[in-house]
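The file target_17.cif contains mmCIF, C-alpha atoms:
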data_run
#
loop_
_atom_site.label_atom_id
_atom_site.label_comp_id
_atom_site.auth_asym_id
_atom_site.auth_seq_id
_atom_site.Cartn_x
_atom_site.Cartn_y
_atom_site.Cartn_z
CA ALA S 1 12.30 -5.69 -17.53
CA SER S 2 8.90 -4.08 -17.92
CA MET S 3 7.62 -0.78 -16.58
CA ALA S 4 4.42 -2.32 -15.25
CA THR S 5 2.65 -5.64 -14.78
CA LEU S 6 -1.13 -6.03 -14.68
CA ARG S 7 -3.17 -8.82 -13.15
CA ILE S 8 -6.40 -8.97 -15.17
CA LEU S 9 -9.56 -10.84 -14.30
CA GLY S 10 -11.48 -11.64 -17.50
CA GLY S 11 -14.56 -13.73 -16.80
CA SER S 12 -13.28 -16.85 -15.04
CA ASP S 13 -9.72 -16.45 -16.34
CA ILE S 14 -6.74 -14.58 -14.91
CA TYR S 15 -4.22 -12.87 -17.20
CA TYR S 16 -0.82 -11.44 -16.35
CA LEU S 17 0.09 -8.71 -18.83
CA ASN S 18 3.24 -6.59 -18.85
CA THR S 19 4.35 -3.64 -20.93
CA GLN S 20 7.23 -5.56 -22.52
CA ASP S 21 5.62 -8.82 -23.71
CA ASN S 22 2.03 -7.68 -24.18
CA SER S 23 2.50 -4.23 -25.70
CA LEU S 24 6.01 -3.45 -26.92
CA PHE S 25 6.36 -6.92 -28.48
CA PHE S 26 3.07 -6.38 -30.37
CA ASN S 27 4.20 -2.92 -31.59
CA LYS S 28 1.42 -1.34 -29.56
CA SER S 29 3.51 1.14 -27.60
CA SER S 30 4.57 4.70 -28.27
CA TYR S 31 6.08 7.68 -26.52
CA GLU S 32 6.12 11.44 -26.76
CA LYS S 33 8.27 14.13 -25.23
CA ILE S 34 6.69 16.35 -22.62
CA GLU S 35 8.10 19.19 -20.53
CA ASN S 36 11.05 17.85 -18.55
CA GLY S 37 10.18 14.27 -19.35
CA VAL S 38 8.61 11.56 -21.48
CA LYS S 39 5.13 10.06 -21.71
CA PHE S 40 4.85 6.34 -22.56
CA ILE S 41 1.61 4.86 -23.94
CA TYR S 42 1.13 1.09 -23.70
CA ASP S 43 -1.83 -0.82 -25.14
CA LEU S 44 -1.76 -4.27 -23.56
CA PHE S 45 -3.44 -7.39 -24.94
CA PRO S 46 -3.30 -11.09 -24.03
CA ASP S 47 -2.45 -12.15 -27.60
CA LYS S 48 -1.34 -10.74 -30.97
CA GLN S 49 -4.66 -11.60 -32.63
CA THR S 50 -6.50 -9.20 -30.34
CA ALA S 51 -3.74 -6.61 -30.59
CA ASP S 52 -4.03 -6.54 -34.41
CA LYS S 53 -7.77 -5.88 -34.43
CA LYS S 54 -8.99 -2.55 -35.75
CA GLU S 55 -12.28 -2.83 -33.87
CA PHE S 56 -12.81 -4.60 -30.57
CA SER S 57 -15.74 -6.64 -29.41
CA LYS S 58 -16.97 -6.44 -25.82
CA ASN S 59 -15.52 -9.90 -25.22
CA ASP S 60 -11.99 -8.78 -26.03
CA ILE S 61 -9.48 -7.88 -23.34
CA GLY S 62 -7.29 -4.82 -23.72
CA PHE S 63 -6.11 -2.03 -21.45
CA ARG S 64 -4.12 1.14 -21.93
CA LEU S 65 -1.49 2.39 -19.51
CA VAL S 66 -0.13 5.92 -19.79
CA ILE S 67 3.05 6.40 -17.75
CA SER S 68 4.70 9.81 -17.50
CA VAL S 69 8.23 10.23 -16.17
CA THR S 70 9.34 13.80 -15.42
CA LEU S 71 12.19 15.50 -13.56
CA LYS S 72 11.33 18.26 -11.08
CA ASP S 73 13.19 19.82 -8.14
CA GLY S 74 15.79 17.05 -8.08
CA SER S 75 13.16 14.29 -8.07
CA MET S 76 11.84 11.84 -10.65
CA LEU S 77 8.04 11.84 -10.74
CA VAL S 78 6.17 8.83 -12.13
CA ASN S 79 2.47 9.16 -12.94
CA CYS S 80 0.27 6.36 -14.27
CA THR S 81 -3.32 6.18 -15.51
CA HIS S 82 -5.26 3.24 -16.95
CA GLU S 83 -8.18 2.70 -19.31
CA ASN S 84 -10.27 -0.24 -20.49
CA LEU S 85 -9.76 -0.12 -24.27
CA THR S 86 -12.30 -2.76 -25.27
CA LYS S 87 -14.98 -1.67 -22.76
CA ASN S 88 -15.40 -5.31 -21.80
CA PRO S 89 -17.69 -5.16 -18.73
CA ASP S 90 -16.36 -8.50 -17.46
CA ALA S 91 -12.68 -7.53 -17.62
CA PHE S 92 -11.09 -5.83 -14.61
CA ILE S 93 -7.63 -4.77 -13.56
CA GLU S 94 -7.19 -6.44 -10.20
CA SER S 95 -3.74 -4.98 -9.52
CA ILE S 96 -0.90 -3.00 -11.09
CA ASP S 97 2.76 -3.52 -10.19
CA LEU S 98 4.52 -0.32 -11.21
CA PHE S 99 8.27 -0.01 -11.88
CA ASN S 100 8.60 -3.47 -10.36
CA THR S 101 12.13 -4.03 -11.71
CA PHE S 102 13.44 -0.49 -11.20
CA GLY S 103 16.81 -0.64 -9.45
CA ALA S 104 16.80 -4.46 -9.25
CA TYR S 105 20.22 -6.11 -8.85
CA ASN S 106 21.83 -9.45 -7.94
CA ASP S 107 25.47 -8.49 -7.33
CA SER S 108 25.18 -7.49 -3.68
CA LEU S 109 27.93 -5.64 -1.85
CA GLU S 110 28.40 -5.78 1.91
CA ASP S 111 26.32 -2.71 2.82
CA ASP S 112 23.56 -3.13 0.22
CA PHE S 113 19.98 -3.29 1.44
CA LEU S 114 16.31 -2.93 0.60
CA LEU S 115 14.37 -0.30 2.55
CA VAL S 116 10.88 -1.56 3.41
CA PRO S 117 8.07 0.23 5.30
CA ASP S 118 7.83 -2.28 8.13
CA GLY S 119 6.19 0.03 10.65
CA CYS S 120 8.26 3.22 10.46
CA GLY S 121 10.93 1.56 8.31
CA ALA S 122 13.39 -1.33 8.27
CA ILE S 123 16.13 -2.72 6.04
CA ILE S 124 16.69 -6.13 4.46
CA LYS S 125 20.40 -6.78 3.94
CA THR S 126 20.89 -8.34 0.52
CA SER S 127 24.54 -9.36 1.03
CA ILE S 128 23.42 -12.08 3.45
CA TYR S 129 22.30 -14.98 1.25
CA ASP S 130 19.31 -16.87 2.58
CA GLU S 131 17.87 -19.59 0.37
CA SER S 132 14.81 -19.88 2.62
CA PHE S 133 13.90 -16.19 2.33
CA GLU S 134 10.34 -15.64 1.10
CA SER S 135 9.06 -12.45 -0.45
CA VAL S 136 7.43 -10.01 1.95
CA SER S 137 4.72 -7.42 1.52
CA PHE S 138 3.43 -4.50 3.57
CA ASN S 139 -0.04 -3.02 3.36
CA VAL S 140 0.16 0.76 3.39
CA TYR S 141 -1.79 2.06 6.41
CA GLY S 142 -2.70 -1.50 7.40
CA ASN S 143 -5.11 -4.15 6.12
CA ASP S 144 -8.38 -3.26 4.46
CA PRO S 145 -10.92 -4.52 7.05
CA SER S 146 -13.52 -5.15 4.34
CA SER S 147 -11.38 -7.79 2.60
CA GLU S 148 -9.19 -10.68 3.62
CA THR S 149 -5.75 -9.54 2.52
CA GLU S 150 -2.52 -11.28 3.33
CA ALA S 151 0.59 -9.26 4.11
CA THR S 152 3.72 -9.61 6.18
CA GLY S 153 3.12 -6.34 8.02
CA ASP S 154 1.66 -2.86 7.97
CA ALA S 155 3.30 0.28 6.62
CA ILE S 156 2.86 3.59 8.42
CA ILE S 157 4.64 5.59 5.72
CA PRO S 158 4.11 4.81 1.99
CA ALA S 159 7.82 4.67 1.15
CA PHE S 160 10.48 2.18 0.08
CA GLY S 161 13.98 2.23 -1.36
CA ILE S 162 17.16 0.48 -2.46
CA LYS S 163 20.84 0.95 -1.64
CA HIS S 164 23.28 -0.64 -4.10
CA GLY S 165 26.96 0.22 -4.03
CA LYS S 166 27.50 3.97 -3.80
CA THR S 167 24.03 4.84 -5.03
CA ALA S 168 20.55 4.65 -3.55
CA PHE S 169 17.00 5.84 -4.06
CA VAL S 170 13.90 6.25 -1.94
CA SER S 171 10.41 6.37 -3.41
CA LEU S 172 7.34 7.93 -1.85
CA ILE S 173 3.84 6.94 -3.01
CA GLU S 174 2.02 10.25 -3.34
CA LYS S 175 -1.27 9.19 -4.96
CA ALA S 176 -3.10 5.86 -4.61
CA ASP S 177 -1.19 5.23 -1.39
CA ALA S 178 -4.35 4.00 0.37
CA ILE S 179 -4.68 1.08 -2.08
CA ALA S 180 -0.94 0.33 -2.19
CA LYS S 181 1.15 -2.57 -1.00
CA VAL S 182 4.96 -2.60 -0.97
CA LYS S 183 6.59 -5.90 -1.98
CA ALA S 184 10.21 -6.96 -1.52
CA GLU S 185 12.24 -9.94 -2.76
CA LYS S 186 15.80 -11.15 -2.17
CA ALA S 187 17.83 -12.98 -4.79
CA THR S 188 17.50 -16.74 -4.31
CA SER S 189 17.27 -19.73 -6.62
CA LEU S 190 13.59 -18.87 -7.11
CA THR S 191 13.87 -15.09 -7.50
CA GLU S 192 16.93 -13.88 -9.38
CA TYR S 193 16.98 -10.25 -8.26
CA ASN S 194 16.86 -8.12 -5.14
CA ARG S 195 14.04 -5.68 -5.63
CA VAL S 196 11.33 -3.67 -3.85
CA TYR S 197 8.34 -2.11 -5.59
CA PRO S 198 4.72 -0.96 -5.16
CA SER S 199 1.58 -2.88 -6.09
CA PHE S 200 -1.82 -1.19 -6.33
CA ASN S 201 -5.14 -2.94 -5.66
CA ILE S 202 -7.23 -1.37 -8.44
CA THR S 203 -10.32 -3.58 -8.04
CA PRO S 204 -10.92 -5.31 -4.69
CA ILE S 205 -11.57 -9.02 -5.25
CA GLN S 206 -12.26 -11.68 -2.66
CA TYR S 207 -12.76 -15.44 -2.76
CA LYS S 208 -15.07 -16.71 -0.03
CA ASP S 209 -17.01 -19.95 0.30
CA GLU S 210 -15.86 -20.95 -3.21
CA LYS S 211 -17.44 -17.80 -4.62
CA LEU S 212 -15.79 -14.81 -6.26
CA TYR S 213 -16.81 -11.35 -5.09
CA ILE S 214 -15.79 -8.35 -7.21
CA SER S 215 -16.16 -4.78 -6.07
CA GLU S 216 -18.57 -2.67 -8.09
CA LYS S 217 -16.06 0.18 -8.05
CA SER S 218 -12.48 0.27 -9.28
CA TYR S 219 -9.83 2.88 -8.60
CA ASN S 220 -9.78 5.09 -11.71
CA ASP S 221 -7.67 7.98 -10.49
CA GLU S 222 -3.96 8.59 -11.03
CA ILE S 223 -1.09 6.67 -9.44
CA SER S 224 1.83 8.89 -8.52
CA LEU S 225 5.34 8.12 -7.22
CA CYS S 226 8.24 10.41 -6.33
CA TYR S 227 11.81 9.04 -6.54
CA ARG S 228 14.73 10.77 -4.79
CA PHE S 229 18.30 9.68 -5.60
CA LEU S 230 21.36 9.76 -3.35
CA THR S 231 25.06 9.00 -3.86
CA GLY S 232 28.25 8.63 -1.85
CA ILE S 233 28.06 9.27 1.89
CA ASN S 234 24.36 10.12 1.59
CA ALA S 235 23.48 6.68 0.25
CA THR S 236 22.69 5.32 3.71
CA TYR S 237 19.66 4.46 5.79
CA PRO S 238 19.71 7.89 7.54
CA GLY S 239 20.17 9.55 4.14
CA LEU S 240 17.13 7.80 2.68
CA ALA S 241 15.08 8.64 5.78
CA SER S 242 16.07 12.31 5.51
CA ALA S 243 15.15 12.44 1.80
CA CYS S 244 11.79 10.85 2.57
CA ARG S 245 11.14 13.32 5.41
CA GLU S 246 12.09 16.26 3.18
CA GLN S 247 9.63 15.14 0.50
CA LEU S 248 6.85 14.72 3.07
CA ILE S 249 7.52 18.28 4.24
CA ARG S 250 7.41 19.53 0.61
CA ASN S 251 4.05 17.81 0.20
CA SER S 252 2.79 19.44 3.42
CA VAL S 253 2.28 16.03 5.01
CA LEU S 254 4.78 16.81 7.78
CA SER S 255 4.98 20.18 9.47
CA THR S 256 8.16 22.23 9.81
CA LYS S 257 6.97 23.69 13.11
CA ASN S 258 8.49 22.58 16.38
CA VAL S 259 6.31 20.81 18.91
CA GLU S 260 4.85 23.38 21.28
CA ALA S 261 5.82 23.16 24.91
CA SER S 262 3.12 21.78 27.21
CA ASP S 263 2.55 22.12 30.93
CA TYR S 264 2.02 18.36 31.17
CA LEU S 265 3.85 15.37 29.77
CA PRO S 266 1.70 13.24 27.45
CA PHE S 267 0.39 9.96 28.84
CA PHE S 268 -0.75 7.29 26.36
CA LEU S 269 -3.23 4.75 27.70
CA THR S 270 -4.60 1.70 25.85
CA LEU S 271 -7.77 0.08 27.19
CA GLY S 272 -9.60 -3.06 26.09
CA ALA S 273 -13.36 -2.76 26.32
CA SER S 274 -14.06 -6.42 25.62
CA VAL S 275 -12.69 -9.71 24.38
CA THR S 276 -14.25 -12.45 22.25
CA THR S 277 -14.33 -15.98 23.68
CA ASP S 278 -15.34 -19.24 22.01
CA SER S 279 -18.18 -20.77 24.03
CA GLY S 280 -18.75 -23.66 21.64
CA LEU S 281 -21.88 -22.85 19.67
CA PHE S 282 -21.09 -19.16 19.22
CA ASN S 283 -18.58 -16.48 20.13
CA ALA S 284 -19.38 -14.54 23.28
CA VAL S 285 -18.28 -10.96 23.99
CA VAL S 286 -16.94 -10.64 27.52
CA PRO S 287 -16.36 -7.15 29.01
CA LEU S 288 -12.87 -6.31 30.24
CA THR S 289 -12.66 -2.61 31.07
CA THR S 290 -16.19 -1.20 31.08
CA PHE S 291 -16.88 2.44 30.31
CA GLU S 292 -17.71 2.99 33.99
CA GLN S 293 -14.39 1.49 35.08
CA ALA S 294 -12.55 3.60 32.50
CA THR S 295 -14.27 6.75 33.80
CA ASP S 296 -13.21 5.95 37.38
CA MET S 297 -9.65 5.25 36.21
CA LEU S 298 -9.33 8.49 34.24
CA THR S 299 -10.92 10.55 37.02
CA HIS S 300 -8.40 9.14 39.48
CA MET S 301 -5.49 9.88 37.11
CA LYS S 302 -6.63 13.47 36.61
CA SER S 303 -6.92 13.94 40.36
CA LYS S 304 -3.24 12.97 40.61
CA GLY S 305 -2.24 15.67 38.11
CA ILE S 306 -2.05 13.49 34.97
CA ASN S 307 -3.91 15.79 32.60
CA ASN S 308 -2.48 15.24 29.11
CA ILE S 309 -4.00 11.79 28.52
CA ASN S 310 -4.41 10.13 25.12
CA VAL S 311 -6.70 7.08 25.19
CA ARG S 312 -6.83 4.24 22.69
CA TYR S 313 -9.93 2.14 23.39
CA THR S 314 -10.24 -1.20 21.55
CA GLY S 315 -13.24 -3.52 21.30
CA VAL S 316 -15.87 -0.82 21.86
CA PHE S 317 -18.13 -1.85 18.96
CA ASN S 318 -20.46 -4.80 18.56
CA GLY S 319 -18.58 -8.05 18.16
CA GLY S 320 -15.67 -6.97 20.32
CA PRO S 321 -12.07 -6.62 19.06
CA ASP S 322 -12.58 -9.34 16.43
CA SER S 323 -15.69 -7.81 14.85
CA SER S 324 -15.81 -7.35 11.07
CA VAL S 325 -16.61 -4.00 9.51
CA SER S 326 -20.34 -3.40 9.49
CA SER S 327 -22.48 -0.86 7.68
CA SER S 328 -24.29 -0.21 10.99
CA PRO S 329 -21.80 -0.48 13.87
CA ARG S 330 -23.09 0.06 17.40
CA LEU S 331 -21.39 0.54 20.71
CA ASN S 332 -20.77 -2.55 22.81
CA ASN S 333 -23.65 -2.88 25.33
CA GLU S 334 -21.58 -5.25 27.48
CA SER S 335 -19.17 -2.39 28.18
CA GLY S 336 -21.73 0.29 28.96
CA GLY S 337 -23.28 1.54 25.73
CA GLU S 338 -23.64 5.16 24.60
CA LYS S 339 -24.23 6.65 28.06
CA GLY S 340 -21.07 5.07 29.41
CA LEU S 341 -18.92 6.37 26.55
CA ALA S 342 -20.52 9.83 26.85
CA ALA S 343 -19.36 9.99 30.48
CA ILE S 344 -15.77 9.37 29.35
CA ALA S 345 -16.06 12.09 26.69
CA LEU S 346 -17.08 14.63 29.36
CA LEU S 347 -13.69 14.19 31.02
CA PHE S 348 -12.01 15.53 27.86
CA ALA S 349 -14.48 18.32 27.15
#

When written as C-alpha cells, how does the structure in this file appear?
Amino acid sequence: ASMATLRILGGSDIYYLNTQDNSLFFNKSSYEKIENGVKFIYDLFPDKQTADKKEFSKNDIGFRLVISVTLKDGSMLVNCTHENLTKNPDAFIESIDLFNTFGAYNDSLEDDFLLVPDGCGAIIKTSIYDESFESVSFNVYGNDPSSETEATGDAIIPAFGIKHGKTAFVSLIEKADAIAKVKAEKATSLTEYNRVYPSFNITPIQYKDEKLYISEKSYNDEISLCYRFLTGINATYPGLASACREQLIRNSVLSTKNVEASDYLPFFLTLGASVTTDSGLFNAVVPLTTFEQATDMLTHMKSKGINNINVRYTGVFNGGPDSSVSSSPRLNNESGGEKGLAAIALLFA
C-alpha cells in the first residue's frame, strides 16, 4: 500500500518505483508537520546501492516526491511535486499513479460501487463478481491527438470516487487534470482489490515504427487532488455528484447563476464537412456537406424562425475527420475553403 507509483524510463530500461518498496524500505523517507496537515518526502531509487550513495553520478536513477496532505473546509487536499535527484538526462518519469490504493477494498456489500468519469459519470458495481472484468481507464478531456493513447473512454469531468458500506468519497483533480487518466479495477483472481485512482502522464512517450519518441518537455508543475467524504444517507451516487458539483462551484469552474431566459430555444446541429475513403493507393477526402450547402441550410433555418443555432462542424481541416494534428492545419478545399467558411460566419455575426 504505497502513496504513489512511478513508471521511470532510464535509457532503454523501464523501472516501476513506489514509495513503499523504493523509499520507505531504504530509509529514504521523512515527514514534517505543516499547518492542518503533513508533508511526506520520498526519495525513490531502483536499488539500495544507489539509495546509499552520498553523491550521485549522472547515470544513476533517483527521484524525489513531495506529497502534502492537508485538511481544509471539510476536504482533504493532496498536493504532489517531483524532482530528478540525480540529474540524469536520460531518466524520465513517464507517469505517476497517485494514491492508487486509497480506499481500496475486496469485501463488497450489495450497494458498493466505483464512480468513474465515463462521460458525465457512471458506476461500476463491485458486488457483482465478474472474473472476465478487465481494468478500464478514462482520458480526462479525451485523447491527446498528438499521441496514440489507449483508453476505455473519455472523461468530461476530472472526478472519481468509491462507495463502500456506509462511507464514500469523491475526488476532484484540480491541477494536472489535462494530463490525467482515471483507472478502475474490480477484484478478480488477477486483481485483488476494487479501486479507482488517477494516473498522470508526466512525459509523453510514444513507440512508432519500432522507434521510441520522447517529448522534450515534461510536466513539472504541481499535481493537486481534492477529496470529499460522505457517510450514511449521503453516501450515494447523487450524494457524490452533489459533493463534486459543490467543489466545482467553490473552484469557480461552475457558475451559481441561473441560465438566463432566451427568446428562442437552442438548436444543436452537427455537420460533417467530409469523409475519408480508402481508394487503394491513398486515402481520398470526399466532401459531404460543403460550406455552401451549410450556408443554404442555416439560411433556410433562420428564415423559419430558428435563430439560436449551435453548430458543430467536423472534418473541416485537411485530411478530413481522420486527419492527425498538424503544425500547419488548413481548411478543407474540397468543402469550400476559407471563403466558404467565412460565409457561414457572417450568419452568426

Within 7 Å of range 229-238 of chain S: each range 110-199 of chain S residue with its shortest pair, all atoms listed in the file, as a tab-separated table:
residue	atom	partner	partner_atom	distance
S:Lys163	CA	S:Ala235	CA	6.6
S:Lys166	CA	S:Gly232	CA	5.1
S:Thr167	CA	S:Thr231	CA	4.4
S:Ala168	CA	S:Leu230	CA	5.2
S:Phe169	CA	S:Phe229	CA	4.3
S:Val170	CA	S:Phe229	CA	6.7

Interatomic distance (Å, one decimal) between CA of Val66 in chain S and CA of Lys39 in chain S: 7.0 Å

Residues returned when the PyMOL selection byres ((chain S and resi 57) around 9) runs on this file, as number ranges by chain: S: 55-56, 58-61, 86-88

Nearest-residue call for Ile41 in chain S, choices S:Ile67, S:Leu331, S:Ala1, S:Leu9, using all atoms listed in the file: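 With all atoms listed in the file as the atom set, the closest residue is S:Ile67.
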
Residues matched by the PyMOL selection byres ((chain S and resi 81) around 9) as a ChimeraX atom specification: /S:64-67,79-80,82-83,220-223

Result set of the PyMOL selection byres ((chain S and resi 307) around 10) on the coordinates above, as a ChimeraX atom specification: /S:263-267,298-299,301-306,308-310,348

Save the residues we just selected, C-alpha atoms, as a PDB file, in the frame of the given file?
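Output file again16.pdb follows:
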ATOM      1  CA  ASP S 263       2.550  22.120  30.930  1.00  0.00           C
ATOM      2  CA  TYR S 264       2.020  18.360  31.170  1.00  0.00           C
ATOM      3  CA  LEU S 265       3.850  15.370  29.770  1.00  0.00           C
ATOM      4  CA  PRO S 266       1.700  13.240  27.450  1.00  0.00           C
ATOM      5  CA  PHE S 267       0.390   9.960  28.840  1.00  0.00           C
ATOM      6  CA  LEU S 298      -9.330   8.490  34.240  1.00  0.00           C
ATOM      7  CA  THR S 299     -10.920  10.550  37.020  1.00  0.00           C
ATOM      8  CA  MET S 301      -5.490   9.880  37.110  1.00  0.00           C
ATOM      9  CA  LYS S 302      -6.630  13.470  36.610  1.00  0.00           C
ATOM     10  CA  SER S 303      -6.920  13.940  40.360  1.00  0.00           C
ATOM     11  CA  LYS S 304      -3.240  12.970  40.610  1.00  0.00           C
ATOM     12  CA  GLY S 305      -2.240  15.670  38.110  1.00  0.00           C
ATOM     13  CA  ILE S 306      -2.050  13.490  34.970  1.00  0.00           C
ATOM     14  CA  ASN S 308      -2.480  15.240  29.110  1.00  0.00           C
ATOM     15  CA  ILE S 309      -4.000  11.790  28.520  1.00  0.00           C
ATOM     16  CA  ASN S 310      -4.410  10.130  25.120  1.00  0.00           C
ATOM     17  CA  PHE S 348     -12.010  15.530  27.860  1.00  0.00           C
TER      18      PHE S 348
END

Nearest residue to Glu246 in chain S from the set S:Leu6, S:Ser75, S:Asp130, S:Ile205 (distances using only C-alpha atoms):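 The shortest atom-to-atom distance to Glu246 in chain S comes from S:Ser75.
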
Test item: residues at most 12 Å from Ile14 in chain S, all atoms listed in the file, excluding those fewer than 6 positions along its chain, as a list in words: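 Those residues are Leu6, Arg7, Ile8, Pro46, Ile61, Asp90, Ala91, Phe92, Ile93, Glu94 and Ser95 of chain S.
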
Straight-line distance linking CA of Phe317 in chain S with CA of Arg330 in chain S, stated in Å to one decimal: 5.5 Å

Nearest residue to Val116 in chain S from the set S:Asp97, S:Ala187, S:Tyr42, S:Leu240 (distances using all atoms listed in the file):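 Looking at the shortest contact to Val116 in chain S, the residue is S:Leu240.
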
Atom-to-atom span, CA of Ser12 in chain S and CA of Tyr213 in chain S, Å: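 Separation between CA of Ser12 in chain S and CA of Tyr213 in chain S: 11.9 Å.
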
Just the residues within 10 Å of Ala155 in chain S, please, counting only C-alpha atoms, with nothing from its chain fewer than 2 positions along; format it as a PDB file with C-alpha atoms, in the frame of the given file.
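result-v5.pdb was written with the following content:
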ATOM      1  CA  VAL S 116      10.880  -1.560   3.410  1.00  0.00           C
ATOM      2  CA  PRO S 117       8.070   0.230   5.300  1.00  0.00           C
ATOM      3  CA  ASP S 118       7.830  -2.280   8.130  1.00  0.00           C
ATOM      4  CA  GLY S 119       6.190   0.030  10.650  1.00  0.00           C
ATOM      5  CA  CYS S 120       8.260   3.220  10.460  1.00  0.00           C
ATOM      6  CA  GLY S 121      10.930   1.560   8.310  1.00  0.00           C
ATOM      7  CA  SER S 137       4.720  -7.420   1.520  1.00  0.00           C
ATOM      8  CA  PHE S 138       3.430  -4.500   3.570  1.00  0.00           C
ATOM      9  CA  ASN S 139      -0.040  -3.020   3.360  1.00  0.00           C
ATOM     10  CA  VAL S 140       0.160   0.760   3.390  1.00  0.00           C
ATOM     11  CA  TYR S 141      -1.790   2.060   6.410  1.00  0.00           C
ATOM     12  CA  GLY S 142      -2.700  -1.500   7.400  1.00  0.00           C
ATOM     13  CA  ASN S 143      -5.110  -4.150   6.120  1.00  0.00           C
ATOM     14  CA  THR S 152       3.720  -9.610   6.180  1.00  0.00           C
ATOM     15  CA  GLY S 153       3.120  -6.340   8.020  1.00  0.00           C
ATOM     16  CA  ILE S 157       4.640   5.590   5.720  1.00  0.00           C
ATOM     17  CA  PRO S 158       4.110   4.810   1.990  1.00  0.00           C
ATOM     18  CA  ALA S 159       7.820   4.670   1.150  1.00  0.00           C
ATOM     19  CA  PHE S 160      10.480   2.180   0.080  1.00  0.00           C
ATOM     20  CA  ALA S 180      -0.940   0.330  -2.190  1.00  0.00           C
ATOM     21  CA  LYS S 181       1.150  -2.570  -1.000  1.00  0.00           C
ATOM     22  CA  VAL S 182       4.960  -2.600  -0.970  1.00  0.00           C
TER      23      VAL S 182
END

Listed atoms of range 179-198 of chain S boxed along x, y and z, 3 Å each side, centre and edge lengths in Å, one decimal, as JSON:
{"center_x": 6.6, "center_y": -9.3, "center_z": -5.2, "size_x": 28.5, "size_y": 26.8, "size_z": 14.4}
